[in-house]
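Reproduced below: input_19.txt, with compact mmCIF, C-alpha atoms.
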```
# COMPACT_ATOMS: atom_id res chain seq x y z
CA MET A 92 -32.32 -54.13 -61.47
CA GLU A 93 -35.83 -52.91 -60.65
CA CYS A 94 -34.91 -49.21 -60.51
CA SER A 95 -37.29 -46.97 -62.47
CA HIS A 96 -34.92 -44.00 -62.11
CA ASP A 97 -37.81 -41.98 -60.74
CA CYS A 98 -36.32 -40.85 -57.45
CA SER A 99 -39.42 -38.85 -56.53
CA SER A 100 -41.36 -42.07 -55.89
CA CYS A 101 -38.62 -43.87 -54.00
CA SER A 102 -37.37 -43.59 -50.44
CA LYS A 103 -34.14 -45.56 -51.00
CA ASN A 104 -30.88 -43.76 -50.42
CA CYS A 105 -28.95 -45.77 -52.99
CA SER A 106 -25.68 -44.92 -54.73
CA SER A 107 -27.42 -44.44 -58.07
CA ARG A 108 -29.76 -41.78 -56.73
CA LYS A 109 -29.56 -38.89 -59.16
CA ALA A 110 -31.22 -36.22 -57.09
CA ASP A 111 -29.75 -34.38 -54.16
CA LYS A 112 -31.67 -33.93 -50.94
CA ASN A 113 -33.18 -30.58 -51.91
CA GLU A 114 -34.31 -31.41 -55.44
CA PHE A 115 -37.83 -32.35 -54.37
CA ARG A 116 -38.23 -29.55 -51.84
CA ALA A 117 -41.41 -27.54 -52.39
CA GLU A 118 -41.14 -23.79 -51.98
CA LEU A 119 -43.16 -22.33 -49.15
CA ASN A 120 -45.73 -19.71 -50.11
CA LYS A 121 -43.97 -16.36 -50.55
CA LYS A 122 -46.25 -14.69 -48.02
CA SER A 123 -45.34 -17.26 -45.38
CA SER A 124 -42.55 -17.89 -42.92
CA VAL A 125 -42.42 -21.03 -40.76
CA LYS A 126 -39.71 -21.41 -38.11
CA LYS A 127 -40.25 -25.02 -37.01
CA VAL A 128 -42.12 -27.83 -38.76
CA ILE A 129 -42.98 -31.02 -36.88
CA GLY A 130 -44.63 -34.07 -38.43
CA ILE A 131 -46.88 -36.33 -36.36
CA VAL A 132 -46.83 -39.90 -37.69
CA SER A 133 -48.07 -43.34 -36.76
CA GLY A 134 -47.51 -46.79 -38.16
CA LYS A 135 -51.21 -47.66 -37.92
CA GLY A 136 -54.53 -45.89 -37.60
CA GLY A 137 -56.67 -45.44 -34.52
CA VAL A 138 -53.91 -44.52 -32.08
CA GLY A 139 -54.94 -40.88 -31.59
CA LYS A 140 -52.45 -39.18 -33.87
CA SER A 141 -54.77 -36.30 -34.75
CA MET A 142 -55.58 -35.73 -31.09
CA VAL A 143 -51.86 -35.60 -30.24
CA THR A 144 -51.32 -33.15 -33.10
CA SER A 145 -54.11 -30.94 -31.80
CA LEU A 146 -52.86 -31.05 -28.21
CA LEU A 147 -49.32 -30.15 -29.27
CA ALA A 148 -50.61 -27.19 -31.29
CA CYS A 149 -52.74 -26.03 -28.35
CA THR A 150 -49.79 -26.35 -25.97
CA MET A 151 -47.54 -24.10 -28.05
CA ASN A 152 -50.38 -21.68 -28.80
CA LYS A 153 -51.13 -21.23 -25.09
CA LYS A 154 -47.46 -20.38 -24.59
CA GLY A 155 -47.95 -17.41 -26.88
CA TYR A 156 -46.48 -18.78 -30.10
CA LYS A 157 -48.07 -18.41 -33.53
CA THR A 158 -49.12 -21.96 -34.29
CA ALA A 159 -50.52 -23.74 -37.33
CA VAL A 160 -51.78 -27.21 -38.23
CA LEU A 161 -51.47 -28.66 -41.72
CA ASP A 162 -53.86 -31.62 -41.98
CA ALA A 163 -52.15 -34.00 -44.39
CA ASP A 164 -54.57 -36.84 -43.65
CA ILE A 165 -56.57 -36.13 -46.80
CA THR A 166 -58.87 -39.15 -46.76
CA GLY A 167 -59.50 -39.01 -43.00
CA PRO A 168 -59.35 -35.35 -41.98
CA SER A 169 -60.34 -34.90 -38.34
CA ILE A 170 -58.46 -31.76 -37.33
CA PRO A 171 -61.30 -29.32 -38.23
CA LYS A 172 -63.73 -31.37 -36.13
CA ALA A 173 -61.42 -31.30 -33.11
CA PHE A 174 -61.16 -27.50 -33.31
CA GLY A 175 -64.86 -26.99 -34.04
CA LEU A 176 -64.22 -25.30 -37.39
CA THR A 177 -67.24 -24.75 -39.60
CA ASP A 178 -66.04 -21.90 -41.82
CA LYS A 179 -64.49 -22.74 -45.17
CA ALA A 180 -61.06 -21.68 -46.37
CA THR A 181 -61.08 -18.66 -48.66
CA GLY A 182 -58.77 -17.47 -51.41
CA SER A 183 -56.92 -14.31 -52.35
CA ASP A 184 -54.46 -13.20 -55.00
CA ASP A 185 -51.69 -14.52 -52.76
CA GLY A 186 -53.17 -17.97 -52.23
CA ILE A 187 -55.47 -19.94 -49.93
CA ILE A 188 -56.28 -18.39 -46.55
CA PRO A 189 -56.38 -20.95 -43.72
CA VAL A 190 -59.18 -20.99 -41.17
CA LYS A 191 -58.39 -19.68 -37.71
CA SER A 192 -59.55 -21.51 -34.59
CA LYS A 193 -61.12 -19.77 -31.60
CA GLY A 194 -57.73 -19.69 -29.93
CA GLY A 195 -55.97 -18.30 -32.99
CA ILE A 196 -54.45 -21.47 -34.49
CA ASP A 197 -54.34 -21.47 -38.30
CA VAL A 198 -55.66 -24.70 -39.81
CA MET A 199 -55.67 -26.04 -43.35
CA SER A 200 -57.50 -29.26 -44.18
CA VAL A 201 -59.28 -30.71 -47.19
CA ASN A 202 -62.53 -30.61 -45.18
CA LEU A 203 -62.23 -26.82 -45.20
CA LEU A 204 -62.50 -26.94 -49.00
CA LEU A 205 -65.32 -29.47 -49.40
CA ALA A 206 -68.93 -28.33 -49.75
CA ASP A 207 -69.99 -30.98 -47.22
CA ASP A 208 -67.76 -32.32 -44.45
CA THR A 209 -69.10 -35.82 -45.03
CA ASP A 210 -68.17 -35.90 -48.73
CA PRO A 211 -65.62 -38.68 -49.27
CA VAL A 212 -62.29 -37.90 -50.89
CA VAL A 213 -62.02 -40.61 -53.53
CA TRP A 214 -58.68 -39.70 -55.07
CA ARG A 215 -55.69 -41.70 -56.16
CA GLY A 216 -52.35 -41.45 -54.38
CA PRO A 217 -50.62 -38.91 -56.64
CA VAL A 218 -53.56 -36.49 -56.41
CA ILE A 219 -53.64 -36.78 -52.63
CA ALA A 220 -49.88 -36.24 -52.41
CA GLY A 221 -50.17 -33.23 -54.72
CA THR A 222 -52.87 -31.72 -52.52
CA VAL A 223 -50.66 -31.99 -49.45
CA LYS A 224 -47.84 -30.27 -51.29
CA GLN A 225 -50.24 -27.48 -52.29
CA PHE A 226 -51.14 -26.95 -48.64
CA TRP A 227 -47.49 -25.99 -48.22
CA THR A 228 -46.97 -23.98 -51.40
CA ASP A 229 -50.36 -22.34 -51.97
CA VAL A 230 -51.59 -21.53 -48.45
CA VAL A 231 -50.81 -18.10 -47.00
CA TRP A 232 -49.63 -19.15 -43.55
CA GLY A 233 -48.08 -15.81 -42.61
CA ASP A 234 -45.49 -15.83 -39.83
CA VAL A 235 -45.64 -19.14 -37.96
CA ASP A 236 -43.47 -20.21 -35.04
CA PHE A 237 -44.60 -23.84 -34.95
CA MET A 238 -46.38 -25.86 -37.63
CA PHE A 239 -47.62 -29.35 -36.84
CA ILE A 240 -48.39 -31.68 -39.75
CA ASP A 241 -50.95 -34.40 -39.08
CA MET A 242 -50.00 -37.22 -41.43
CA PRO A 243 -52.02 -40.30 -42.40
CA PRO A 244 -50.95 -43.60 -40.84
CA GLY A 245 -48.41 -45.86 -42.51
CA THR A 246 -45.46 -45.27 -44.80
CA GLY A 247 -47.19 -44.56 -48.11
CA ASP A 248 -47.40 -41.72 -50.63
CA VAL A 249 -48.29 -38.85 -48.29
CA PRO A 250 -45.59 -39.41 -45.64
CA LEU A 251 -43.06 -39.84 -48.44
CA THR A 252 -44.25 -36.62 -50.10
CA VAL A 253 -44.03 -34.68 -46.83
CA PHE A 254 -40.59 -36.07 -46.02
CA GLN A 255 -39.27 -35.14 -49.47
CA SER A 256 -41.13 -31.89 -50.11
CA ILE A 257 -41.12 -30.15 -46.74
CA GLU A 258 -38.05 -29.49 -44.64
CA LEU A 259 -39.08 -31.03 -41.34
CA ASP A 260 -37.30 -30.24 -38.12
CA GLY A 261 -38.35 -33.65 -36.90
CA ILE A 262 -41.21 -36.10 -36.36
CA ILE A 263 -43.09 -37.53 -33.41
CA ILE A 264 -44.30 -41.13 -33.54
CA VAL A 265 -47.65 -41.84 -31.87
CA THR A 266 -48.42 -45.35 -30.71
CA SER A 267 -50.46 -47.39 -28.22
CA PRO A 268 -49.56 -49.98 -25.54
CA GLN A 269 -49.84 -53.23 -27.50
CA GLU A 270 -47.32 -55.96 -28.32
CA LEU A 271 -47.80 -55.33 -32.04
CA VAL A 272 -46.52 -51.80 -31.52
CA SER A 273 -42.85 -52.83 -31.62
CA MET A 274 -43.06 -53.83 -35.29
CA ILE A 275 -45.21 -50.82 -36.25
CA VAL A 276 -42.93 -48.30 -34.55
CA THR A 277 -39.87 -49.92 -36.13
CA LYS A 278 -41.35 -49.41 -39.60
CA ALA A 279 -41.91 -45.70 -38.92
CA VAL A 280 -38.42 -45.33 -37.45
CA LYS A 281 -36.79 -47.04 -40.43
CA MET A 282 -38.63 -44.82 -42.90
CA ALA A 283 -37.52 -41.69 -41.05
CA GLU A 284 -33.94 -42.96 -41.01
CA LEU A 285 -34.05 -43.69 -44.74
CA MET A 286 -35.17 -40.12 -45.37
CA ASN A 287 -32.72 -38.63 -42.84
CA ILE A 288 -35.55 -37.12 -40.77
CA PRO A 289 -34.81 -36.53 -37.06
CA ILE A 290 -37.13 -38.26 -34.58
CA PHE A 291 -38.02 -36.22 -31.50
CA GLY A 292 -39.48 -39.21 -29.70
CA ILE A 293 -42.55 -41.35 -29.09
CA VAL A 294 -45.94 -40.54 -27.59
CA GLU A 295 -47.92 -43.42 -26.14
CA ASN A 296 -51.64 -42.78 -26.22
CA MET A 297 -54.23 -44.75 -24.21
CA SER A 298 -51.42 -45.66 -21.85
CA TYR A 299 -53.59 -46.03 -18.74
CA PHE A 300 -56.94 -45.17 -17.19
CA THR A 301 -57.24 -43.34 -13.89
CA CYS A 302 -60.24 -44.56 -11.93
CA PRO A 303 -62.25 -41.59 -10.67
CA ASP A 304 -63.35 -43.57 -7.59
CA ASN A 305 -59.97 -44.59 -6.15
CA GLY A 306 -57.44 -42.56 -8.16
CA LYS A 307 -55.53 -45.68 -9.21
CA ASN A 308 -54.13 -46.15 -12.71
CA TYR A 309 -55.20 -49.24 -14.65
CA LYS A 310 -53.53 -50.57 -17.81
CA ILE A 311 -56.58 -51.32 -19.94
CA PHE A 312 -54.54 -52.58 -22.90
CA GLY A 313 -52.01 -54.49 -20.83
CA ASP A 314 -48.45 -53.68 -19.85
CA SER A 315 -46.75 -51.02 -21.90
CA HIS A 316 -43.64 -51.82 -23.92
CA ILE A 317 -42.93 -48.26 -24.93
CA ASP A 318 -39.88 -47.80 -22.73
CA GLU A 319 -38.24 -50.93 -24.14
CA ILE A 320 -39.01 -49.88 -27.71
CA ALA A 321 -37.69 -46.37 -27.13
CA LYS A 322 -34.49 -47.75 -25.62
CA GLU A 323 -34.03 -50.14 -28.54
CA HIS A 324 -34.19 -47.25 -31.02
CA LYS A 325 -32.41 -44.77 -28.74
CA LEU A 326 -35.46 -42.52 -28.59
CA SER A 327 -37.12 -40.62 -25.79
CA VAL A 328 -40.67 -41.12 -24.56
CA ILE A 329 -42.23 -37.67 -24.86
CA ALA A 330 -45.48 -38.43 -23.06
CA LYS A 331 -47.83 -41.16 -21.94
CA LEU A 332 -51.42 -40.02 -22.41
CA PRO A 333 -54.27 -41.52 -20.40
CA ILE A 334 -57.58 -42.88 -21.62
CA ASN A 335 -59.62 -39.83 -20.74
CA PRO A 336 -63.30 -39.47 -21.66
CA GLU A 337 -62.91 -35.69 -21.38
CA LEU A 338 -60.36 -35.70 -24.20
CA ALA A 339 -62.63 -37.72 -26.49
CA ASN A 340 -65.60 -35.57 -25.60
CA ALA A 341 -63.64 -32.37 -26.28
CA CYS A 342 -62.67 -33.61 -29.75
CA ASP A 343 -66.27 -34.56 -30.51
CA ARG A 344 -67.50 -31.14 -29.38
CA GLY A 345 -64.79 -29.26 -31.26
CA ALA A 346 -63.41 -27.99 -27.99
CA ILE A 347 -59.89 -29.42 -27.92
CA GLU A 348 -58.56 -25.96 -27.05
CA GLU A 349 -60.48 -26.07 -23.76
CA ILE A 350 -58.50 -29.07 -22.51
CA ASP A 351 -56.08 -28.13 -19.75
CA GLY A 352 -53.30 -30.72 -19.53
CA ASN A 353 -49.55 -30.61 -18.91
CA TRP A 354 -48.56 -33.77 -20.78
CA PHE A 355 -46.41 -31.91 -23.30
CA ASP A 356 -44.98 -29.13 -21.13
CA GLY A 357 -41.55 -30.77 -20.86
CA PHE A 358 -41.32 -31.35 -24.59
CA ALA A 359 -42.59 -27.83 -25.30
CA ALA A 360 -39.74 -26.36 -23.26
CA GLY A 361 -37.28 -28.10 -25.55
CA LEU A 362 -39.07 -26.85 -28.66
CA GLU A 363 -38.84 -23.28 -27.45
CA VAL A 364 -35.05 -23.34 -27.68
CA GLY A 365 -33.98 -21.15 -30.60
CA ILE A 366 -37.43 -19.63 -31.11
CA LYS A 367 -37.31 -16.71 -28.67
```

Could you show the structure in this file as structure tokens?
Amino acid sequence: MECSHDCSSCSKNCSSRKADKNEFRAELNKKSSVKKVIGIVSGKGGVGKSMVTSLLACTMNKKGYKTAVLDADITGPSIPKAFGLTDKATGSDDGIIPVKSKGGIDVMSVNLLLADDTDPVVWRGPVIAGTVKQFWTDVVWGDVDFMFIDMPPGTGDVPLTVFQSIELDGIIIVTSPQELVSMIVTKAVKMAELMNIPIFGIVENMSYFTCPDNGKNYKIFGDSHIDEIAKEHKLSVIAKLPINPELANACDRGAIEEIDGNWFDGFAAGLEVGIK
């Protein structure tokens, strides 16, 4: 009874849906080719989603793959800061040219278009969603093996736009070890299921702290429930990341590519299937 018949703004998979799955697909820039696209999502902010996105991109880049990051968190872009990018994106007759990190990762973010990194993006939802779509259609990505999309938290306009407009190979849900997490993760899982998007698994950030004095692990935020949640939704736990001052410091210094960790090596091996 409340249907507006505007399927582009709705995530329901109802019987009256007029559009097929591909109707809202945005066409990738003609000068670009992307083999695998992975969205990084979270049900709430502050769980380290952008850091996980950056680490995943660095992991695949160090393995020799052409890697890119599309920063879809328009109102809270932190990817350029993590990679230490100060140059601005440029344009050509073919489209927008992304900025390349020191390690060779192509990055596109709204902060690479603003005159000042601290300028706020005070835009309404449809404009923000349209900008994200343009990062897919108007940016000259070239030949990319793995693209990671850093999405804003929640289940609003931008995640819906990405799910509908870009053909994702799957998503990764980032969370933290708190009781509230069960409800938050369930929301993200249900949205992905509604949109028929595969879920690769869950990453728990701030899972523990390793004391430098005795080498013991301490659960700063209490006992983790991630294994129970993953089992409930029949998902795998990709990684449990520690509270590590070096990680935070690297992001602040724009040196995320200097971090040497093996948290995602197992998952990376699975991603490589079908790429070589």

Using all atoms listed in the file - which residues lie no farther than 10 Å from the point (-42.1, -33.1, -43.9) in the file's frame? Write them as a list in words. Arg116, Val128, Ile129, Gly130, Ile131, Lys224, Trp227, Phe239, Ile240, Met242, Val249, Pro250, Leu251, Thr252, Val253, Phe254, Gln255, Ser256, Ile257, Glu258, Leu259, Asp260, Gly261, Ile262, Met286 and Ile288 of chain A

Residues as selected, C-alpha atoms, written as a CSV table (one decimal), keeping the file's coordinate frame, can you do that?
```csv
chain,number,residue,atom,x,y,z
A,116,ARG,CA,-38.2,-29.6,-51.8
A,128,VAL,CA,-42.1,-27.8,-38.8
A,129,ILE,CA,-43.0,-31.0,-36.9
A,130,GLY,CA,-44.6,-34.1,-38.4
A,131,ILE,CA,-46.9,-36.3,-36.4
A,224,LYS,CA,-47.8,-30.3,-51.3
A,227,TRP,CA,-47.5,-26.0,-48.2
A,239,PHE,CA,-47.6,-29.4,-36.8
A,240,ILE,CA,-48.4,-31.7,-39.8
A,242,MET,CA,-50.0,-37.2,-41.4
A,249,VAL,CA,-48.3,-38.8,-48.3
A,250,PRO,CA,-45.6,-39.4,-45.6
A,251,LEU,CA,-43.1,-39.8,-48.4
A,252,THR,CA,-44.2,-36.6,-50.1
A,253,VAL,CA,-44.0,-34.7,-46.8
A,254,PHE,CA,-40.6,-36.1,-46.0
A,255,GLN,CA,-39.3,-35.1,-49.5
A,256,SER,CA,-41.1,-31.9,-50.1
A,257,ILE,CA,-41.1,-30.2,-46.7
A,258,GLU,CA,-38.0,-29.5,-44.6
A,259,LEU,CA,-39.1,-31.0,-41.3
A,260,ASP,CA,-37.3,-30.2,-38.1
A,261,GLY,CA,-38.4,-33.6,-36.9
A,262,ILE,CA,-41.2,-36.1,-36.4
A,286,MET,CA,-35.2,-40.1,-45.4
A,288,ILE,CA,-35.6,-37.1,-40.8
```

For A:Glu363, which residue among A:Asp236, A:Asp164, A:Glu319, A:Asp208 is the nearest when counting only C-alpha atoms?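 Looking at the shortest contact to A:Glu363, the residue is A:Asp236.
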
In Å, how far is it from atom CA of A:Gly292 to atom CA of A:Asp241? 15.6 Å

How many Å separate atom CA of A:Gly247 from atom CA of A:Gly216?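 We find that atom CA of A:Gly247 and atom CA of A:Gly216 lie 8.7 Å from each other.
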
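Across the structure, atom CA of A:Val125 and atom CA of A:Ile219 are spaced 22.7 Å apart.
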
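Residue nearest A:Pro336, chosen from A:Ile311, A:Thr301, A:Ser169, A:Asp229 and counting all atoms listed in the file: A:Thr301.
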
Against stretch 175-189 of chain A, which residues of stretch 228-341 of chain A fall within 9 Å? For each one I want the closest pair of atoms and the distance in Å (one decimal), counting only C-alpha atoms, rows by chain and increasing residue number, as a tab-separated table.
```
residue	atom	partner	partner_atom	distance
A:Thr228	CA	A:Gly186	CA	8.7
A:Asp229	CA	A:Gly186	CA	5.2
A:Val230	CA	A:Ile187	CA	4.4
A:Val231	CA	A:Ile188	CA	5.5
A:Trp232	CA	A:Pro189	CA	7.0
```

Could you save the residues just selected, with C-alpha atoms, as a PDB file, in the frame of the given file?
```pdb
ATOM      1  CA  THR A 228     -46.970 -23.980 -51.400  1.00  0.00           C
ATOM      2  CA  ASP A 229     -50.360 -22.340 -51.970  1.00  0.00           C
ATOM      3  CA  VAL A 230     -51.590 -21.530 -48.450  1.00  0.00           C
ATOM      4  CA  VAL A 231     -50.810 -18.100 -47.000  1.00  0.00           C
ATOM      5  CA  TRP A 232     -49.630 -19.150 -43.550  1.00  0.00           C
TER       6      TRP A 232
END
```

Contacts of A:Cys149 within 12 Å, all atoms listed in the file, excl. fewer than 2 positions in-chain, as a PyMOL selection string: chain A and resi 142-147+151-160+173-174+192-198+237-239+346-356+359

Point out the residue among A:Leu332, A:Ile263, A:Ala283, A:Asp162 with the least atom-to-atom distance to A:Asn308, counting all atoms listed in the file. A:Leu332

When you count all atoms listed in the file, which of these residues is closest to A:Tyr299: A:Pro243, A:Gly137, A:Pro333, A:Pro171?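 Closest to A:Tyr299, using all atoms listed in the file: A:Pro333.
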
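For the set A:Glu284, A:Phe312, A:Ile290, A:Thr209, the residue with the smallest atom-to-atom gap to A:Ser327 is A:Ile290, counting only C-alpha atoms.
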
Measuring atom to atom with all atoms listed in the file, identify which of A:Phe115, A:Phe358, A:Phe291, A:Phe300 is nearest to A:Val132.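 Smallest separation from A:Val132 among the options: A:Phe291.
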
Around the point (-36.2, -46.5, -32.0) in the file's coordinates, collect all residues with an atom within 12 Å, using all atoms listed in the file, and return them as a PyMOL selection string. chain A and resi 263-264+272-284+289-293+317-328

Once 5 Å is added on each side, what centre and edge lengths in Å to one decimal does the axis-aligned box around all listed atoms of stretch 146-153 of chain A have, as AutoDock Vina command-line options?
```
--center_x -50.2 --center_y -26.1 --center_z -28.2 --size_x 15.3 --size_y 19.8 --size_z 16.2
```

Near-stretch 212-214 of chain A list (12 Å; all atoms listed in the file; drop same-chain fewer than 3 positions) as a ChimeraX atom specification: /A:164-168,200-202,204-209,217-222
